[in-house]
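Enquirer: File name upload-v3.tsv; file contents TSV, C-alpha atoms; full text below.
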chain	number	residue	atom	x	y	z
A	1	MET	CA	-8.92	7.95	-14.98
A	2	ARG	CA	-7.74	7.46	-11.40
A	3	TYR	CA	-4.46	5.87	-10.42
A	4	ILE	CA	-2.07	5.32	-7.54
A	5	GLU	CA	1.66	5.91	-8.03
A	6	PRO	CA	3.08	3.25	-5.71
A	7	HIS	CA	6.78	4.11	-6.14
A	8	ALA	CA	8.08	7.61	-6.78
A	9	HIS	CA	10.98	9.57	-5.32
A	10	MET	CA	9.28	12.92	-5.13
A	11	VAL	CA	11.97	14.63	-3.06
A	12	SER	CA	14.01	14.75	-6.25
A	13	ARG	CA	11.16	15.99	-8.46
A	14	VAL	CA	9.91	19.53	-8.97
A	15	THR	CA	6.54	20.68	-7.66
A	16	ASP	CA	5.22	20.90	-11.24
A	17	ASP	CA	5.36	17.10	-11.33
A	18	TYR	CA	2.81	16.91	-8.52
A	19	GLU	CA	0.52	19.14	-10.57
A	20	ARG	CA	0.97	17.05	-13.71
A	21	MET	CA	0.37	13.83	-11.80
A	22	ALA	CA	-2.76	15.25	-10.14
A	23	LEU	CA	-4.07	16.38	-13.54
A	24	ALA	CA	-3.48	12.84	-14.86
A	25	GLY	CA	-5.62	11.36	-12.06
A	26	CYS	CA	-3.07	10.50	-9.37
A	27	GLU	CA	-4.77	10.14	-5.99
A	28	ALA	CA	-1.81	8.94	-3.94
A	29	VAL	CA	1.93	8.71	-4.27
A	30	CYS	CA	4.08	6.33	-2.22
A	31	GLU	CA	7.72	7.25	-1.74
A	32	PRO	CA	10.26	4.64	-0.65
A	33	ALA	CA	13.46	5.86	0.95
A	34	PHE	CA	16.32	5.61	-1.53
A	35	TRP	CA	19.86	6.58	-2.45
A	36	ALA	CA	20.30	10.31	-2.94
A	37	GLY	CA	22.83	9.88	-5.75
A	38	PHE	CA	25.68	10.30	-3.29
A	39	ASP	CA	26.58	8.58	-0.03
A	40	ARG	CA	25.42	10.36	3.10
A	41	SER	CA	28.26	10.99	5.51
A	42	SER	CA	26.45	9.98	8.70
A	43	ALA	CA	23.26	8.60	10.17
A	44	ALA	CA	22.21	12.18	10.90
A	45	GLY	CA	21.73	12.68	7.17
A	46	PHE	CA	19.21	9.85	7.20
A	47	TYR	CA	17.41	11.32	10.20
A	48	ASP	CA	16.86	14.52	8.22
A	49	TYR	CA	15.79	12.53	5.15
A	50	PHE	CA	13.25	10.47	7.11
A	51	SER	CA	11.93	13.71	8.60
A	52	GLN	CA	11.59	15.15	5.10
A	53	LEU	CA	9.67	12.05	3.95
A	54	THR	CA	7.31	12.00	6.92
A	55	ASP	CA	6.74	15.72	7.49
A	56	HIS	CA	7.65	18.02	4.63
A	57	GLU	CA	6.81	15.96	1.55
A	58	PRO	CA	3.18	15.15	2.53
A	59	LYS	CA	2.52	18.88	2.80
A	60	ARG	CA	3.97	19.53	-0.67
A	61	ALA	CA	1.78	16.80	-2.17
A	62	ALA	CA	-1.33	17.98	-0.33
A	63	LYS	CA	-1.22	21.31	-2.16
A	64	TYR	CA	-2.28	19.36	-5.27
A	65	GLY	CA	-4.78	17.07	-3.55
A	66	VAL	CA	-2.40	14.11	-3.68
A	67	LYS	CA	-2.00	11.92	-0.59
A	68	HIS	CA	1.63	11.18	0.18
A	69	PHE	CA	2.82	7.95	1.83
A	70	THR	CA	6.32	6.72	2.44
A	71	TRP	CA	8.49	3.69	3.20
A	72	LEU	CA	11.57	3.87	5.39
A	73	GLY	CA	14.78	1.95	5.04
A	74	LEU	CA	18.38	1.97	3.93
A	75	ASN	CA	18.90	1.52	0.20
A	76	SER	CA	21.28	-1.26	-0.75
A	77	LYS	CA	23.62	1.22	-2.47
A	78	GLU	CA	24.58	2.41	1.01
A	79	ALA	CA	24.60	-1.03	2.63
A	80	GLU	CA	28.28	-1.86	2.18
A	81	ASP	CA	29.06	0.10	5.35
A	82	VAL	CA	27.44	-2.21	7.92
A	83	LYS	CA	28.20	0.04	10.89
A	84	LEU	CA	26.41	2.97	9.25
A	85	ALA	CA	23.57	0.65	8.30
A	86	GLU	CA	23.14	-0.44	11.91
A	87	GLU	CA	22.96	3.19	13.03
A	88	VAL	CA	20.39	4.05	10.36
A	89	ILE	CA	18.27	0.98	11.09
A	90	GLY	CA	18.33	2.02	14.75
A	91	LEU	CA	16.74	5.36	13.78
A	92	ILE	CA	13.79	3.90	11.92
A	93	PRO	CA	11.50	2.64	14.74
A	94	GLN	CA	10.91	6.17	16.07
A	95	PHE	CA	9.40	7.08	12.67
A	96	LEU	CA	7.20	4.02	12.14
A	97	ASP	CA	4.16	5.46	13.92
A	98	ARG	CA	4.05	8.56	11.73
A	99	PRO	CA	0.76	8.71	9.82
A	100	ASN	CA	2.16	8.31	6.29
A	101	VAL	CA	4.62	5.46	6.92
A	102	LEU	CA	3.54	2.24	5.16
A	103	GLY	CA	6.43	-0.06	5.98
A	104	ILE	CA	10.10	-0.86	5.41
A	105	GLY	CA	11.50	-0.04	1.98
A	106	GLU	CA	13.05	0.15	-0.36
A	107	ILE	CA	15.43	-2.46	0.91
A	108	GLY	CA	17.11	-5.14	-1.16
A	109	LEU	CA	20.33	-5.69	-3.06
A	110	ASN	CA	22.39	-3.70	-5.54
A	111	LYS	CA	25.61	-5.57	-6.40
A	112	ASN	CA	24.67	-8.73	-4.47
A	113	SER	CA	27.51	-8.45	-1.95
A	114	ARG	CA	27.76	-10.20	1.40
A	115	ASN	CA	27.34	-6.95	3.33
A	116	GLU	CA	24.30	-5.96	1.27
A	117	LEU	CA	22.81	-9.35	2.06
A	118	ARG	CA	23.55	-8.95	5.76
A	119	VAL	CA	21.91	-5.51	5.85
A	120	LEU	CA	18.92	-6.87	3.94
A	121	GLU	CA	18.48	-9.55	6.60
A	122	MET	CA	18.71	-6.90	9.32
A	123	GLN	CA	15.97	-4.84	7.66
A	124	VAL	CA	13.74	-7.85	7.05
A	125	ASP	CA	14.14	-8.60	10.75
A	126	LEU	CA	13.20	-4.99	11.57
A	127	ALA	CA	10.05	-5.32	9.47
A	128	ALA	CA	9.14	-8.64	11.07
A	129	ARG	CA	9.65	-7.35	14.62
A	130	HIS	CA	7.43	-4.33	13.96
A	131	GLY	CA	4.80	-6.07	11.79
A	132	GLN	CA	5.56	-3.88	8.77
A	133	LEU	CA	4.90	-4.33	5.06
A	134	ILE	CA	8.07	-4.73	2.97
A	135	LEU	CA	9.00	-3.12	-0.35
A	136	VAL	CA	12.06	-4.64	-2.01
A	137	HIS	CA	14.34	-3.13	-4.64
A	138	THR	CA	15.89	-5.67	-7.00
A	139	PRO	CA	19.26	-4.93	-8.62
A	140	HIS	CA	19.88	-3.37	-11.99
A	141	LEU	CA	20.58	-5.01	-15.32
A	142	GLU	CA	23.00	-7.96	-15.17
A	143	ASP	CA	22.66	-8.20	-11.38
A	144	LYS	CA	18.86	-8.49	-11.28
A	145	LEU	CA	18.46	-12.23	-11.85
A	146	LYS	CA	20.93	-13.27	-9.17
A	147	GLY	CA	19.78	-10.57	-6.76
A	148	THR	CA	16.15	-11.52	-7.09
A	149	ARG	CA	16.99	-15.14	-6.31
A	150	LEU	CA	19.06	-14.16	-3.25
A	151	ILE	CA	16.31	-11.82	-2.00
A	152	LEU	CA	13.63	-14.48	-2.35
A	153	ASP	CA	15.82	-16.89	-0.40
A	154	VAL	CA	16.18	-14.40	2.47
A	155	LEU	CA	12.44	-13.75	2.61
A	156	LYS	CA	11.43	-17.39	2.32
A	157	ASN	CA	13.90	-18.41	5.01
A	158	ASP	CA	12.35	-16.01	7.54
A	159	ARG	CA	9.20	-17.79	8.72
A	160	ARG	CA	7.81	-14.56	10.18
A	161	ILE	CA	7.43	-13.05	6.70
A	162	ARG	CA	4.07	-13.49	5.00
A	163	PRO	CA	4.64	-13.37	1.23
A	164	GLU	CA	1.42	-11.47	0.49
A	165	ARG	CA	2.81	-8.58	2.59
A	166	VAL	CA	5.91	-8.21	0.40
A	167	ILE	CA	6.24	-6.37	-2.91
A	168	ILE	CA	9.30	-7.22	-5.00
A	169	ASP	CA	9.88	-4.26	-7.27
A	170	HIS	CA	11.52	-3.72	-10.68
A	171	VAL	CA	10.65	-7.17	-12.05
A	172	GLU	CA	11.19	-7.88	-15.73
A	173	GLU	CA	10.49	-10.81	-18.04
A	174	HIS	CA	13.21	-12.98	-16.47
A	175	THR	CA	12.24	-12.41	-12.82
A	176	VAL	CA	8.48	-11.90	-12.66
A	177	GLU	CA	7.60	-15.58	-12.67
A	178	MET	CA	9.74	-16.52	-9.66
A	179	VAL	CA	8.33	-13.62	-7.62
A	180	LEU	CA	4.71	-14.50	-8.33
A	181	ALA	CA	5.41	-18.19	-7.73
A	182	ALA	CA	6.72	-17.25	-4.26
A	183	GLY	CA	3.32	-15.73	-3.46
A	184	MET	CA	4.65	-12.19	-3.30
A	185	TRP	CA	3.56	-9.09	-5.18
A	186	ALA	CA	5.56	-7.90	-8.18
A	187	GLY	CA	6.13	-4.31	-9.26
A	188	MET	CA	6.97	-3.31	-12.81
A	189	THR	CA	8.98	-0.13	-13.10
A	190	LEU	CA	8.56	1.94	-16.24
A	191	TYR	CA	11.82	3.55	-17.34
A	192	PRO	CA	12.89	4.98	-20.69
A	193	GLU	CA	16.03	2.82	-20.99
A	194	THR	CA	16.29	0.25	-18.22
A	195	LYS	CA	13.64	-1.91	-16.55
A	196	CYS	CA	10.25	-2.04	-18.41
A	197	THR	CA	8.77	0.09	-21.15
A	198	PRO	CA	4.99	0.55	-21.15
A	199	ALA	CA	4.64	-1.95	-24.03
A	200	ARG	CA	6.70	-4.62	-22.25
A	201	ALA	CA	4.84	-4.07	-19.00
A	202	VAL	CA	1.54	-4.68	-20.77
A	203	ASP	CA	3.05	-7.77	-22.40
A	204	ILE	CA	3.86	-9.10	-18.92
A	205	LEU	CA	0.32	-8.37	-17.73
A	206	GLU	CA	-1.08	-10.23	-20.72
A	207	ARG	CA	1.20	-13.21	-20.12
A	208	TYR	CA	1.07	-13.54	-16.36
A	209	GLY	CA	-2.34	-12.10	-15.54
A	210	ARG	CA	-3.24	-9.13	-13.39
A	211	GLU	CA	-3.09	-10.70	-9.95
A	212	ARG	CA	-0.45	-9.32	-7.55
A	213	LEU	CA	1.10	-7.02	-10.16
A	214	TRP	CA	1.39	-3.24	-10.13
A	215	LEU	CA	2.97	-0.50	-12.21
A	216	ASN	CA	5.16	2.34	-11.02
A	217	SER	CA	7.32	5.10	-12.45
A	218	ALA	CA	10.02	5.08	-9.74
A	219	CYS	CA	10.68	8.61	-10.94
A	220	ASP	CA	13.76	10.11	-9.32
A	221	TRP	CA	16.73	12.32	-10.17
A	222	GLY	CA	17.70	10.13	-13.15
A	223	ARG	CA	16.02	9.60	-16.52
A	224	SER	CA	12.47	8.74	-15.55
A	225	ASP	CA	8.91	9.86	-16.19
A	226	PRO	CA	6.47	10.73	-13.39
A	227	LEU	CA	3.60	10.13	-15.83
A	228	ALA	CA	4.76	6.65	-16.81
A	229	VAL	CA	1.82	4.92	-15.08
A	230	PRO	CA	-0.95	6.85	-16.90
A	231	LYS	CA	1.00	6.46	-20.14
A	232	THR	CA	0.99	2.69	-19.61
A	233	ALA	CA	-2.75	2.85	-18.92
A	234	LEU	CA	-3.04	4.52	-22.32
A	235	GLU	CA	-0.97	1.68	-23.80
A	236	MET	CA	-3.49	-0.79	-22.36
A	237	LYS	CA	-6.37	1.17	-23.86
A	238	LYS	CA	-4.66	1.21	-27.27
A	239	ARG	CA	-4.56	-2.59	-27.12
A	240	GLY	CA	-8.26	-2.74	-26.33
A	241	HIS	CA	-8.18	-3.50	-22.61
A	242	PRO	CA	-11.45	-2.33	-21.02
A	243	ALA	CA	-11.44	0.57	-18.59
A	244	ALA	CA	-12.26	-1.76	-15.70
A	245	VAL	CA	-9.14	-3.83	-16.39
A	246	VAL	CA	-6.99	-0.72	-16.56
A	247	ASP	CA	-8.50	0.44	-13.27
A	248	GLN	CA	-7.66	-2.87	-11.64
A	249	VAL	CA	-4.01	-2.57	-12.61
A	250	VAL	CA	-3.36	1.10	-11.88
A	251	TYR	CA	-5.70	1.61	-8.91
A	252	GLN	CA	-7.29	-1.46	-7.35
A	253	ASN	CA	-4.16	-3.63	-7.28
A	254	PRO	CA	-1.96	-1.12	-5.45
A	255	MET	CA	-4.93	-0.34	-3.21
A	256	GLU	CA	-5.32	-4.04	-2.33
A	257	PHE	CA	-1.68	-4.40	-1.35
A	258	LEU	CA	-1.25	-1.06	0.39
A	259	GLN	CA	-4.47	-1.33	2.41
A	260	GLN	CA	-2.80	-4.12	4.34
A	261	CYS	CA	-1.36	-1.14	6.19
A	262	PRO	CA	-4.33	0.44	8.02
A	263	LYS	CA	-2.83	3.89	7.50
A	264	PHE	CA	-3.37	3.71	3.75
A	265	ILE	CA	-6.64	5.62	3.52
A	266	LEU	CA	-7.58	7.80	0.55
A	267	PRO	CA	-10.04	10.73	0.68
A	268	SER	CA	-12.40	8.84	-1.64
A	269	ASP	CA	-12.60	5.83	0.73
B	1	MET	CA	-4.55	-8.72	-30.19
B	2	THR	CA	-4.36	-10.25	-33.63
B	3	GLN	CA	-1.03	-10.18	-35.44
B	4	GLN	CA	-2.53	-7.56	-37.76
B	5	GLN	CA	-3.27	-5.36	-34.74
B	6	VAL	CA	0.24	-5.91	-33.35
B	7	LEU	CA	1.70	-4.83	-36.68
B	8	ASP	CA	-0.55	-1.81	-36.92
B	9	LEU	CA	0.39	-0.69	-33.41
B	10	TYR	CA	4.07	-1.59	-33.21
B	11	PHE	CA	5.65	-2.18	-36.63
B	12	LEU	CA	6.97	1.32	-37.20
B	13	GLU	CA	8.36	1.57	-33.69
B	14	ALA	CA	10.03	-1.86	-33.94
B	15	ARG	CA	11.39	-0.99	-37.38
B	16	HIS	CA	12.90	2.17	-35.93
B	17	GLN	CA	14.49	0.22	-33.06
B	18	LEU	CA	15.87	-2.41	-35.43
B	19	VAL	CA	17.48	0.26	-37.64
B	20	GLU	CA	19.01	1.81	-34.51
B	21	ILE	CA	20.53	-1.56	-33.56
B	22	ALA	CA	21.83	-2.03	-37.11
B	23	ALA	CA	23.40	1.44	-37.02
B	24	PHE	CA	24.99	0.65	-33.62
B	25	LEU	CA	26.51	-2.54	-35.05
B	26	ASP	CA	27.79	-0.59	-38.08
B	27	ARG	CA	29.34	1.97	-35.73
B	28	MET	CA	31.01	-0.80	-33.75
B	29	GLU	CA	32.28	-2.43	-36.92
B	30	ARG	CA	33.81	0.83	-38.16
B	31	SER	CA	35.54	1.42	-34.85
B	32	GLY	CA	37.71	-1.71	-34.93
B	33	PRO	CA	37.75	-5.08	-33.15
B	34	PRO	CA	35.55	-5.68	-30.07
B	35	ALA	CA	36.99	-3.65	-27.20
B	36	ASP	CA	35.52	-5.52	-24.24
B	37	PHE	CA	33.04	-8.11	-23.05
B	38	ARG	CA	30.01	-5.93	-23.77
B	39	ALA	CA	30.51	-6.14	-27.52
B	40	ARG	CA	30.77	-9.92	-27.39
B	41	ALA	CA	27.73	-10.19	-25.12
B	42	PHE	CA	25.69	-8.00	-27.44
B	43	ALA	CA	26.63	-10.07	-30.47
B	44	GLU	CA	25.59	-13.25	-28.65
B	45	ALA	CA	22.29	-11.75	-27.53
B	46	VAL	CA	21.44	-10.58	-31.06
B	47	LYS	CA	21.49	-14.22	-32.19
B	48	ILE	CA	18.51	-14.91	-29.93
B	49	LEU	CA	16.35	-12.61	-32.02
B	50	ASP	CA	16.48	-14.96	-34.98
B	51	GLY	CA	15.74	-18.08	-32.93
B	52	PRO	CA	12.49	-19.91	-32.22
B	53	GLY	CA	10.03	-19.36	-29.41
B	54	SER	CA	8.02	-16.52	-27.92
B	55	ASN	CA	10.18	-15.71	-24.90
B	56	LYS	CA	12.86	-13.70	-26.65
B	57	ALA	CA	12.79	-10.74	-24.27
B	58	ARG	CA	13.32	-13.11	-21.35
B	59	GLU	CA	16.08	-14.98	-23.17
B	60	VAL	CA	17.92	-11.76	-24.04
B	61	LEU	CA	17.73	-10.62	-20.42
B	62	LEU	CA	19.03	-14.00	-19.25
B	63	ALA	CA	21.90	-13.79	-21.75
B	64	PHE	CA	23.06	-10.56	-20.13
B	65	SER	CA	22.59	-11.83	-16.54
B	66	ASP	CA	24.99	-13.06	-13.88
B	67	PRO	CA	23.98	-16.73	-13.47
B	68	THR	CA	26.16	-17.44	-10.41
B	69	PRO	CA	24.43	-18.20	-7.09
B	70	GLU	CA	26.86	-16.85	-4.47
B	71	PRO	CA	27.04	-13.26	-3.19
B	72	ILE	CA	30.21	-11.41	-4.13
B	73	ALA	CA	32.76	-10.62	-1.42
B	74	ALA	CA	32.24	-6.86	-1.53
B	75	ALA	CA	30.68	-4.21	-3.75
B	76	THR	CA	33.46	-2.14	-5.32
B	77	THR	CA	31.08	-0.06	-7.46
B	78	LYS	CA	27.43	0.92	-7.31
B	79	ALA	CA	26.85	0.81	-11.05
B	80	ALA	CA	25.76	-1.98	-13.38
B	81	CYS	CA	27.18	-2.07	-16.90
B	82	GLY	CA	24.43	-4.07	-18.59
B	83	THR	CA	26.01	-7.48	-18.98
B	84	TRP	CA	27.89	-9.92	-16.79
B	85	PRO	CA	31.62	-9.94	-17.66
B	86	GLY	CA	32.08	-13.58	-16.70
B	87	ARG	CA	29.90	-14.93	-19.49
B	88	THR	CA	32.13	-13.92	-22.39
B	89	GLU	CA	35.53	-13.48	-20.77
B	90	THR	CA	37.97	-16.15	-21.87
What's the structure tokens form of this structure?
Expert:
Amino acid sequence: MRYIEPHAHMVSRVTDDYERMALAGCEAVCEPAFWAGFDRSSAAGFYDYFSQLTDHEPKRAAKYGVKHFTWLGLNSKEAEDVKLAEEVIGLIPQFLDRPNVLGIGEIGLNKNSRNELRVLEMQVDLAARHGQLILVHTPHLEDKLKGTRLILDVLKNDRRIRPERVIIDHVEEHTVEMVLAAGMWAGMTLYPETKCTPARAVDILERYGRERLWLNSACDWGRSDPLAVPKTALEMKKRGHPAAVVDQVVYQNPMEFLQQCPKFILPSD
Amino acid sequence: MTQQQVLDLYFLEARHQLVEIAAFLDRMERSGPPADFRARAFAEAVKILDGPGSNKAREVLLAFSDPTPEPIAAATTKAACGTWPGRTET
């Protein structure tokens, strides 16, 4: 089986995970910029992080034959400080031409505050001005419904944004429909306790179809599983989905979205 | 999948999860009256399981969600607790 891991925070994973993912059939991993688990003290910390994502991490992945791509942005957990956000957003353009950068992400909302919303609008504007794809993080748990609605409003209100160039991540049963209805892509994140389990993700695929949907592990420093995507492929097989259908969900769908960025080229292409 | 196939694949797992929920409720019961809004929200959401329809996962998620439309003034925490306090606070 081949698959693409479209959302994984590999900087917080051990090298063994690259090996396990490669053995499971992973051809490419895409790493959105995210919160490190603590607030960085200055924009310089982000400069180093973006350098790590665009220089160091691709080399680590390449040792296992995995192509590494990345998304750059300021996570909403650090968006309450608007001045810092402006400084960080000002750093991003100098990295956009690097060969593994796919777009702006993961941006979005966390607690649905006014400052988070303002910083989201700033980053959507950045993406629009530079013609970038957008990857959006939706909030956790009780904040997801409201946050998803607010995010869709921001994106729909910006006429420069083409919905097919936006992926709204971490959808669940109560948010997937509104994302797909807006013409955007929807990502299902497979977590042991929050977001989707493999069984629920397959339920959503069976209910809403396979168009504009992808699966990801979003593995990071918290409880998460870098092999969640192939495990969900196994779940599909257990239910009798043919191999071609599994391939569409775990390989062709992310390929279709990501190839809107001309830099997304795999060795097998 | 037929219902027989669903049962064959998922019954034991669902049974296990149901027993875990029952044990959690027993634990809560032994520990005294509901301490905060999460206990009340959980009790309300459990009622959905016995209702009609085939959108129960969606309905449970909606029951735990903040339904208000306006952004909050400022984020004072980064964490989510799992249910919106405003729904069951009186």
Enquirer: Can you pull out the residues contacting A:Lys144? Cut-off 8 Å, using all atoms listed in the file, and skip same-chain residues under 4 positions away; I want them as a compact mmCIF listing (two decimals) with C-alpha atoms, in the frame of the given file.
Expert:
# COMPACT_ATOMS: atom_id res chain seq x y z
CA THR A 138 15.89 -5.67 -7.00
CA PRO A 139 19.26 -4.93 -8.62
CA HIS A 140 19.88 -3.37 -11.99
CA THR A 148 16.15 -11.52 -7.09
CA THR A 175 12.24 -12.41 -12.82
CA SER B 65 22.59 -11.83 -16.54
Enquirer: Considering only C-alpha atoms, can you say which of B:Arg27, B:Phe37, B:Leu62, B:Gln4 comes closest to chain A?
Expert: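 For chain A, the nearest of the candidates is B:Leu62.
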Enquirer: As an exercise, work out the distance from atom CA of A:Arg13 to atom CA of A:Lys67 in Å and give it to one decimal place.
Expert: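 These atoms are spaced 15.9 Å apart.
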Enquirer: Write out as JSON, numbers by chain every residue belonging to chain B that has an atom at most 10 Å from any atom of chain A, counting all atoms listed in the file.
Expert: {"B": [1, 5, 6, 9, 10, 55, 56, 57, 58, 59, 60, 61, 62, 63, 64, 65, 66, 67, 68, 69, 70, 71, 72, 73, 74, 75, 76, 77, 78, 79, 80, 81, 82, 83, 84, 85]}
Enquirer: List the neighbours of A:Glu164 out to 9 Å using only C-alpha atoms; skip same-chain residues closer than 3 positions along the sequence, and give me the result as a short mmCIF file (atom, residue, chain, number, x, y, z; two decimals) with C-alpha atoms, in the frame of the given file.
Expert:
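Saved as out.cif:
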data_model
loop_
_atom_site.label_atom_id
_atom_site.label_comp_id
_atom_site.auth_asym_id
_atom_site.auth_seq_id
_atom_site.Cartn_x
_atom_site.Cartn_y
_atom_site.Cartn_z
CA ILE A 161 7.43 -13.05 6.70
CA ILE A 167 6.24 -6.37 -2.91
CA GLY A 183 3.32 -15.73 -3.46
CA MET A 184 4.65 -12.19 -3.30
CA TRP A 185 3.56 -9.09 -5.18
CA ARG A 212 -0.45 -9.32 -7.55
CA PHE A 257 -1.68 -4.40 -1.35
#
Enquirer: Where's the centre, and what are the edge lengths in Å to one decimal, of a box along x, y and z enclosing all listed atoms of stretch 177-196 of chain A padded 6 Å per side, as AutoDock Vina command-line options?
Expert:
--center_x 9.8 --center_y -6.6 --center_z -12.1 --size_x 25.0 --size_y 35.2 --size_z 29.7
Enquirer: Excluding same-chain residues fewer than 5 positions from A:Asp269, what lies within 12 Å of it counting only C-alpha atoms, as a PyMOL selection string?
Expert: chain A and resi 27+255+259+264
Enquirer: Work out how far apart atom CA of A:Glu193 and atom CA of B:Val46 are and give it in Å to one decimal.
Expert: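 The value is 17.6 Å.
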